[in-house]
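What follows is one structure encoded as structure tokens, with my remarks underneath.
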Amino acid sequence: MPQVKIIARNFMDMVAALPAMKLDQLYQNAFICEAILRSLPPLAKKYVIQMLFIEEAVTVKSMEEWVLPDGMSKHKVAIDRLLQLRIFSETFDRSSGTSYSLNPTFQSNLQKQITCGGVLPREPMPLTITNRLPSLEDLEAYALEQWECFLLQLINSAQAEKMTNISSSMMRIFQRGLLTQREKEPPRLTESGFQFLLMDTNAQLWYIIREYISNSEERDVDSADLISFLLELSFHATGEAYNMNTLTEVQRNTLKDLADLGLVKLQQGRKDSWFIPTKLATNLSVSLTDSSSRKEGFVVLETNFRMYAYSTSKLHCEILRLFSRIEYQLPNLIVGAITKESLYNAFENGITSEQIISFLQQNAHARVADRIPSVPENVTDQIRLWESDLNRVEMTPAHFYDEFPSRDVFEAACDFAREYGGLLWEDSKKMRLVVKTDVHMHMREHLRRQRQ
């Protein structure tokens with residue numbers, strides 16, 4: 001069974017992957033410098049603050065003295081991160097060895113931001129223009145509703161329902177990795193799409209944002225400019241209204257896409273229009289692990305594989321249906337069971353046992369969440385066993401070779417296949433071997449040279 005792994009990197013992984021020239025361009029914005037400082041590991045933050053007003057390079061030996069002996073592993077992680085983001089530059093001198101210095105542009109802008117305080121990217125609009133704004137509770141409910149609608153439309157696309165509220169930009173993201181569509185057939189979820197639905201909300205958000213930035217060049221939008229604008233959003237106050245007229249055309253189009261995800265709420269007045277950031281937008285510069293908080297669970301799983309989900313959400317019902325048999329649904333309760341057939345169906349769609357178990361643990365009801373384990377052990381063991389039933393035989397495309405002219409040629413062929421990591425089986429008595437298809441062309445070339 002093919003294994004698919006969706007990786008949801010956070011913003012700083014994406015920033016680190018930018019070319020050096022675009023990174024230097026980002027650091028010309030003081031807000032970006034502060035956002036990146038916020039996202040760094042604690043030890044890396046400490047190094048930046050300590051070196052912020054030091055103009056000369058600091059040697060590796062001097063920096064190692066700042067760390068206790070048992071903190072060297074964290075020290076290496078911090079240095080690697082700072083080098084990846086080009087916050088640190090590395091120099092070598094024969095007398096003093098390797099030294100690190102801060103990126104001058106990053107250093108200068110962060111100094112100004114910390115000592116003088118920066119002007120906000122844009123000022124909130126006065127209440128006299130915007131009238132009554134939604135409360136923080138209403139805004140959080142709106143963000144959750146938008147996100148659930150977004151995911152429901154993804155699930156319902158497999159049932160040929162039209163995605164009327166999703167922009168073409170978001171549709172391209174779906175079609176790239178989460179949906180597939182053949183001619184004259186409705187769209188259907190890919191293996192990655194099924195796995196995406198079981199991911200935690202923050203991981204789902206990062207996956208969508210990552211793909212949105214990755215295909216920005218197709219929309220004639222510079223990826224560095226897009227990252228810069230998204231990081232700027234994290235400095236806006238949740239629940240405040242900001243004038244759309246202060247934005248460029250590209251930024252206005254980006255906000256329309258983000259409104260589909262529930263990151264912002266768009267409103268129109270008599271003369272002006274404005275956007276209101278939600279918590280999802282203001283947390284964008286925070287790392288994935290830091291922004292993940294324990295959400296209220298809703299699933300209770302019994303040792304007899306019976307499942308009770310205390311939820312009114314249609315989305316929860318559809319997600320549970322991916323790996324369980326739903327028996328009936330009441331206004332605030334979904335009752336079902338995990339069966340061998342329902343799990344086999346999930347495995348065939350590319351969902352793994354570990355993803356199912358992780359989902360059940362993350363969404364365990366408050367009454368069982370504090371138990372160890374929160375999901376009965378006999379259930380988790382059985383889920384893994386049913387998955388292993390499907391993995392007893394592994395299919396590998398291969399080629400069979402026999403009738404070698406001599407033992408020397410046979411042994412040389414075995415050694416060659418072994419070097420390439422393509423040897424699957426050999427029979428030295430009858431001089432036969434099987435190699436992976438990947439090395440077949442190399443093997444043919446090798447045998448041709450042996451004949452000459």
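Chain lettering (A, B, ...) mirrors the order of the structure tokens, residue numbering begins at 1 for each chain separately, and ligand numbering begins at 1 in order of display.
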Review point. DSSP on the backbone: what in segment 393-452 of chain A comes out helix (DSSP H, G or I), as a count of residues only?
Key: 28
Point to revise | Residues of segment 70-295 of chain A in strand (DSSP E or B), written as an MDAnalysis selection string | key: chainID A and resid 88:93 97:102 179:180 188:189 242:243 264:268 273:277
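Distances here use only C-alpha atoms; by that measure, the residue among A:Asn378, A:Ser39, A:Asn245, A:Thr254 closest to Asp272 of chain A is A:Asn245.
Distance annotation: of A:Arg321, A:Arg176, A:Lys314, A:Arg371, the residue with the minimal separation from Glu148 of chain A is A:Lys314; atom set is only C-alpha atoms.
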Using only C-alpha atoms, which protein or nucleic acid residues come within 10 Å of Val409 of chain A? Drop anything in the same chain fewer than 4 positions from it, and give the result as a JSON list (two decimals) with N, CA and C atoms, in the first residue's frame.
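Okay, out.json is ready:
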```json
[["chain", "number", "residue", "atom", "x", "y", "z"],
["A", 404, "PHE", "N", 23.77, -16.60, -17.24],
["A", 404, "PHE", "CA", 25.02, -15.84, -17.27],
["A", 404, "PHE", "C", 26.11, -16.70, -17.90],
["A", 405, "PRO", "N", 27.01, -16.12, -18.71],
["A", 405, "PRO", "CA", 28.04, -16.92, -19.39],
["A", 405, "PRO", "C", 29.08, -17.50, -18.44],
["A", 413, "ALA", "N", 27.78, -8.90, -11.58],
["A", 413, "ALA", "CA", 26.44, -8.32, -11.74],
["A", 413, "ALA", "C", 25.77, -8.16, -10.37],
["A", 414, "CYS", "N", 25.95, -9.16, -9.49],
["A", 414, "CYS", "CA", 25.37, -9.07, -8.13],
["A", 414, "CYS", "C", 25.98, -7.91, -7.36],
["A", 415, "ASP", "N", 27.31, -7.77, -7.46],
["A", 415, "ASP", "CA", 27.99, -6.67, -6.77],
["A", 415, "ASP", "C", 27.52, -5.32, -7.29],
["A", 431, "MET", "N", 22.86, -19.36, -10.68],
["A", 431, "MET", "CA", 23.28, -18.07, -11.27],
["A", 431, "MET", "C", 22.06, -17.30, -11.82],
["A", 447, "LEU", "N", 26.21, -5.09, -18.14],
["A", 447, "LEU", "CA", 26.39, -6.39, -18.80],
["A", 447, "LEU", "C", 26.91, -6.23, -20.22],
["A", 450, "GLN", "N", 30.52, -5.79, -19.98],
["A", 450, "GLN", "CA", 31.18, -7.06, -19.62],
["A", 450, "GLN", "C", 31.41, -7.93, -20.85],
["A", 451, "ARG", "N", 30.49, -7.88, -21.81],
["A", 451, "ARG", "CA", 30.63, -8.70, -23.02],
["A", 451, "ARG", "C", 31.76, -8.21, -23.92]]
```
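Between atom CA of Thr339 of chain A and atom CA of Ile351 of chain A lies a distance of 14.9 Å.
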**Study point:** Among the residues A:His316, A:Lys436, A:His236, A:Arg407, the one that comes closest to Arg122 of chain A [using only C-alpha atoms]
**Key:** A:His236
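For the choices A:Thr59, A:Ile213, A:Gly297, A:Met395, the atom-to-atom distance to Phe92 of chain A is smallest for A:Thr59 when using only C-alpha atoms.
Compared by their closest atoms to Leu284 of chain A, and using only C-alpha atoms, the residues A:Gln181, A:Ser108, A:Ala35, A:Glu140 rank with A:Ala35 nearest.
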Practice item. Tell me, as a VMD selection string, which residues lie within 8 Å of Leu40 of chain A, counting only C-alpha atoms; anything in the same chain fewer than 3 positions away does not count. Key: chain A and resid 36 to 37 44 to 45 78 81
Restrict the selected residues to N, CA, C and O atoms and save them as a PDB file, in the first residue's frame.
```pdb
ATOM      1  N   ILE A  36      10.225  37.461  12.476  1.00  0.00           N
ATOM      2  CA  ILE A  36      11.168  36.346  12.419  1.00  0.00           C
ATOM      3  C   ILE A  36      11.824  36.139  13.776  1.00  0.00           C
ATOM      4  O   ILE A  36      12.033  34.996  14.213  1.00  0.00           O
ATOM      5  N   LEU A  37      12.120  37.229  14.491  1.00  0.00           N
ATOM      6  CA  LEU A  37      12.669  37.102  15.844  1.00  0.00           C
ATOM      7  C   LEU A  37      11.690  36.349  16.744  1.00  0.00           C
ATOM      8  O   LEU A  37      12.081  35.471  17.520  1.00  0.00           O
ATOM      9  N   ALA A  44      17.987  30.667  20.089  1.00  0.00           N
ATOM     10  CA  ALA A  44      18.342  31.510  18.944  1.00  0.00           C
ATOM     11  C   ALA A  44      17.930  32.965  19.203  1.00  0.00           C
ATOM     12  O   ALA A  44      18.666  33.903  18.848  1.00  0.00           O
ATOM     13  N   LYS A  45      16.769  33.169  19.848  1.00  0.00           N
ATOM     14  CA  LYS A  45      16.340  34.527  20.224  1.00  0.00           C
ATOM     15  C   LYS A  45      17.377  35.168  21.148  1.00  0.00           C
ATOM     16  O   LYS A  45      17.729  36.340  20.994  1.00  0.00           O
ATOM     17  N   ALA A  78      19.889  25.983  17.226  1.00  0.00           N
ATOM     18  CA  ALA A  78      19.731  27.437  17.140  1.00  0.00           C
ATOM     19  C   ALA A  78      20.657  28.032  16.083  1.00  0.00           C
ATOM     20  O   ALA A  78      20.243  28.854  15.261  1.00  0.00           O
ATOM     21  N   ARG A  81      19.460  27.156  12.537  1.00  0.00           N
ATOM     22  CA  ARG A  81      18.300  27.956  12.141  1.00  0.00           C
ATOM     23  C   ARG A  81      18.726  29.365  11.747  1.00  0.00           C
ATOM     24  O   ARG A  81      18.268  29.916  10.748  1.00  0.00           O
TER      25      ARG A  81
END
```
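The closest residue to Pro104 of chain A, picked from A:Ala57, A:Val368, A:Ala203, A:Leu390 and counting only C-alpha atoms, is A:Ala57.
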**Study point:** Test item: residues at most 6 Å from Gly422 of chain A, only C-alpha atoms, excluding those fewer than 3 positions along its chain, as a ChimeraX atom specification
**Key:** /A:417-418,435-436
Practice item. Would you list the contacts of Ile87 of chain A as a VMD selection string, taking every protein, DNA or RNA residue within 12 Å and counting only C-alpha atoms, but skipping same-chain residues closer than 2 positions in sequence? Key: chain A and resid 15 to 16 20 23 to 24 26 to 27 33 36 to 37 40 44 to 45 47 to 49 51 to 52 78 to 85 89 to 90 100 to 108 110
Check your understanding: So which residues touch Val434 of chain A within 10 Å, counting only C-alpha atoms, skipping near sequence neighbours fewer than 3 positions away, as an MDAnalysis selection string?
Key -> chainID A and resid 398:402 414 417 422:427 437 440
